[in-house]
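Have a look at the structure below, then the notes.
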Amino acid sequence: MANDLLTETQTQDYDASSIEVLEGLEPVRKRPGMYIGGTDERALHHMVAEVLDNSMDEAVAGFANRIEVELHEDYSVTIRDNGRGIPVDPHPKFPDKSALEVILCTLHAGGKFSGKAYQTSGGLHGVGASVVNALSDLMVVQVARNKEVFEQRFSRGIPQGPVEKVGTAPNRRGTTVTFHADEQIFGKHRFKPARLFNSIRSKAYLFSGVEIRWKTAIDDGETPTEATFHFPGGLSDYLKETMNGSSTYADQPFAGTVEFQGRFGVPGKVEWAINWTPSRDGFIQSYCNTVPTPEGGTHVAGFWSAVLKGIKAYGELVNNKKATSITRDDLITGGCALVSCFISEPEFVGQTKDRLATVEAQRLVENAVRDHFDNWLAADTKSAGAILDFLVLRAEERLRRRQEKETQRKTATKRLRLPGKLVDCSATNRAGTELFIVEGDSAGGSAKMARNRKTQALLPLRGKILNVLGAASSKLGSNAEINDLTQALGVGLGTKFNVDDLRYDKIIIMTDADVDGAHIAALLMTFFFTQMRPMIDAGHLYLACPPLFRLTQGAKRVYCIDEIEKNEHLEKGIGGKGKIDVSRFKGLGEMDAKDLKETTMDPASRVLIRVTIDEDEPGETGDLVERLMGKKPEMRFQYIQENAKFVEELDV
Ligand SMILES: Nc1ncnc2c1ncn2[C@@H]1O[C@H](COP(=O)(O)OP(=O)(O)OP(=O)(O)O)[C@@H](O)[C@H]1O
Ligand SMILES: [Mg+2]
Ligand SMILES: [Mg+2]
């Protein structure tokens with residue numbers, strides 16, 4: 001339909017001339033996000049990573065053993081290696097251009113596609129260096145090769161002249177790249193010395209065959225302005241440093257290096273270190289060909305799979321049946337791990353290489369780690385036992401949590417902190433459960449004993465609540481008694497109230513059959529009416545009807561809910577022998593458990609009044625308790641009616 005509305009000119013405007021072909025590095029400047037994942041601080045730092053990765057590739061391939069990174073005063077960065085140097089001779093396909101220029105000014109130009117010049121490189125797309133070039137307002141590349149030094153300068157991806165010989169270097173070779181990130185792209189973002197320092201240091205841990213020197217002219221007051229990184233201890237040392245003195249279940253991490261015959265017959269390797277700690281959350285940092293893979297991938301999957309199988313096999317060996325319930329999630333809580341693999345022609349997700357996708361990596365890593373883990377566990381039974389116990393505990397905790405969750409789903413209640421004074425019932429299902437809201441002291445003895453533990457819960461409320469129940473709703477949320485009440489109910493206050501969250505079927509107000517009790521009952525009803533009205537509409541709110549009098553005649557007992565009933569009984573007699581003894585209950589606490597159960601709490605014999613709202617009563621000003629009681633419950637519930645004057649004082 002919309003098509004019919006297009007005018008002819010609009011259609012004519014969209015012809016072949018509107019299809020643009022972006023040339024050279026233009027697409028990078030147009031859509032930086034596609035190439036470095038954005039234009040924010042993270043993306044900016046990724047610029048350094050791309051250049052550094054190229055030098056690391058040169059080192060891992062065995063051609064360089066020293067890399068220098070320097071952050072200058074003007075926030076430009078220099079990265080120098082002593083590798084082979086980017087080729088500067090004319091490119092066979094473009095005879096008028098040097099290979100250097102082709103590499104830096106063309107997407108998908110590189111020496112890492114075929115595995116001839118590099119075997120297990122982090123670079124693979126032939127994009128990195130050219131992207132950094134495109135997004136820098138100045139880039140200077142110097143190459144020392146064959147005792148000569150060549151240089152070419154670029155701005156925003158455009159050569160500022162041809163590659164030129166600028167000197168001789170009898171004892172030096174390698175590549176030096178200096179670039180200044182373009183503010184047109186990155187705006188106000190600046191390099192952070194600490195961030196660079198950390199990523200450079202981790203590179204050195206990942207490849208012990210390289211020494212990395214760091215220098216910064218920008219001093220953030222914390223990061224060393226100069227440092228040299230060389231870590232022959234590799235990941236095991238890195239892990240100890242990262243865990244920073246946390247106590248661990250094994251004295252030494254489970255760590256190792258295994259070389260394997262990888263893809264396409266190219267040798268590869270995996271290095272790892274892991275330990276478990278009770279004192280912090282677990283983490284896993286993973287790398288492929290020294291490129292960080294923050295989202296993990298196949299190598300990480302292989303690693304966890306090996307560790308999981310290993311620990312379960314060990315559990316079986318030592319006859320710990322609970323080990324079968326351990327899952328990968330349990331390994332990760334409290335498990336601090338580093339995994340670094342080197343494989344040929346890795347496939348990453350995205351140019352920023354956040355996740356490894358190479359399928360074979362899973363099997364290669366799993367196989368490499370598995371054997372070692374079995375041996376390690378068997379050799380250090382003290383650590384193995386401690387780790388196994390820890391993981392079993394994690395598994396049990398997880399299962400318990402899941403069970404709680406399922407229960408909650410079943411009962412349609414939320415996981416909430418419950419108030420300490422709530423005497424909860426044991427039923428996990430909401431159906432048939434009841435919460436008795438009782439006046440402070442009466443809650444104790446008899447009500448506790450009279451209740452059915454499975455279905456009946458008690459929440460004592462203290463007198464203080466009187467002062468706030470009638471207050472403005474904004475004050476209610478900060479009152480401890482009100483919070484206890486809403487938490488016990490499992491619901492939110494006011495507009496956040498959701499009747500589905502109720503933790504109980506019936507909410508029963510059970511107050512003393514005296515003036516104070518009536519007052520509290522009236523206040524509570526008012527509170528529910530103004531704050532949680534759907535609970536009343538859905539028929540969840542009730543009033544308990546404790547008797548006011550007990551008539552005893554010999555072995556005969558009769559309870560009377562009010563004066564009228566008492567007088568009727570006194571006239572008729574209750575069928576016992578001797579004098580009728582009349583006692584008036586001053587409070588619930590005066591009744592013994594048997595009395596209370598029979599008359600007020602036991603569903604089989606008690607009287608309950610459901611609170612309803614009489615919609616016929618016009619306006620909000622009508623007697624609130626009358627409205628709340630509806631027409632029907634007959635005001636038989638006299639004590640409320642008698643004390644309704646309290647309600648009129650309320651500011652609703
Ligand atoms: N420091 C260096 N030493 C030697 N050769 C280099 C260096 N930096 C870049 N090169 C060469 O330039 C090529 C292109 O580098 P570029 O970073 O653009 O792509 P890449 O590393 O192949 O792949 P990726 O896009 O994944 O980084 C590399 O393949 C390599 O042949
Ligand atoms: Mg690269
Ligand atoms: Mg390139």
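Residues are referred to by chain and number: the chain letter is A, B, ... according to the order shown in the structure tokens, the number counts from 1 in that chain, and ligands are numbered separately from 1 in the order shown.
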Inset, instruction - Tell me which protein, DNA and RNA residues are within 6 Å of segment 39-50 of chain A, counting only C-alpha atoms, leaving out same-chain ones fewer than 6 positions away, and put them as a PyMOL selection string. - result: chain A and resi 128+132+186+189
Legend entry - Those of segment 88-325 of chain A in DSSP helix (DSSP H, G or I), formatted as a PyMOL selection string: chain A and resi 99-105+128-134+183-186+193-206+234-243+263-265+298-317+321-325
Inset, instruction - Select, from A:Ser202, A:Ser130, A:Asn65, A:Ser236, the residue with the minimum atom-to-atom distance to ligand 2, counting only C-alpha atoms and all ligand atoms. - result: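 Under the stated criterion, the closest residue is A:Ser130.
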Inset, instruction - Return the single residue from A:Val163, A:Leu548, A:Ile311, A:Ile218 that is closest to Phe373 of chain A, with distances computed using only C-alpha atoms. - result: A:Ile311
Legend entry - Near-ligand residues for ligand 1, threshold 6 Å, only C-alpha atoms and all ligand atoms, as a list of chain:residue names: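 Checked against 6 Å with only C-alpha atoms and all ligand atoms; the hits are A:Glu50, A:Asn54, A:Ser55, A:Glu58, A:Gly83, A:Arg84, A:Gly85, A:Ile86, A:Ile103, A:Ala109, A:Gly110, A:Gly111, A:Lys112, A:Gly123, A:Leu124, A:His125, A:Gly126, A:Val127, A:Gly128, A:Ala129, A:Ser130, A:Thr175.
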With C-alpha atoms retained, export the selected residues as a short mmCIF file (atom, residue, chain, number, x, y, z; two decimals), in the first residue's frame.
data_model
loop_
_atom_site.label_atom_id
_atom_site.label_comp_id
_atom_site.auth_asym_id
_atom_site.auth_seq_id
_atom_site.Cartn_x
_atom_site.Cartn_y
_atom_site.Cartn_z
CA GLU A 50 45.44 -3.91 16.90
CA ASN A 54 50.67 -7.30 15.00
CA SER A 55 53.90 -7.07 16.97
CA GLU A 58 55.64 -11.32 14.97
CA GLY A 83 60.62 -8.34 14.13
CA ARG A 84 61.08 -8.76 10.43
CA GLY A 85 59.61 -5.39 9.54
CA ILE A 86 56.63 -4.83 7.29
CA ILE A 103 48.83 -3.04 3.91
CA ALA A 109 45.60 -6.94 2.85
CA GLY A 110 47.85 -9.03 5.01
CA GLY A 111 50.31 -11.86 5.37
CA LYS A 112 48.22 -14.02 7.66
CA GLY A 123 45.74 -11.29 13.10
CA LEU A 124 43.84 -12.92 10.33
CA HIS A 125 41.55 -10.44 8.62
CA GLY A 126 44.17 -8.14 7.14
CA VAL A 127 42.17 -5.27 8.52
CA GLY A 128 43.67 -4.16 11.84
CA ALA A 129 46.54 -1.92 10.80
CA SER A 130 44.56 -0.28 8.03
CA THR A 175 58.54 -2.09 12.75
#
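With only C-alpha atoms taken into account, the protein and nucleic acid residues at most 8 Å from Gly37 of chain A (excluding it and anything under 5 positions from it in its own chain) are Pro32, Ala43, Gln351 and Thr352 of chain A.
With distances restricted to only C-alpha atoms, A:Lys556 is the closest residue to Lys577 of chain A from A:Arg201, A:Arg402, A:Arg195, A:Lys556.
Interatomic distance, atom CA of Ile509 of chain A against atom CA of Arg533 of chain A: 15.2 Å.
The residue that comes closest to His230 of chain A, out of A:Leu206, A:Val307, A:Leu25, A:Met243 and on the basis of only C-alpha atoms, is A:Leu206.
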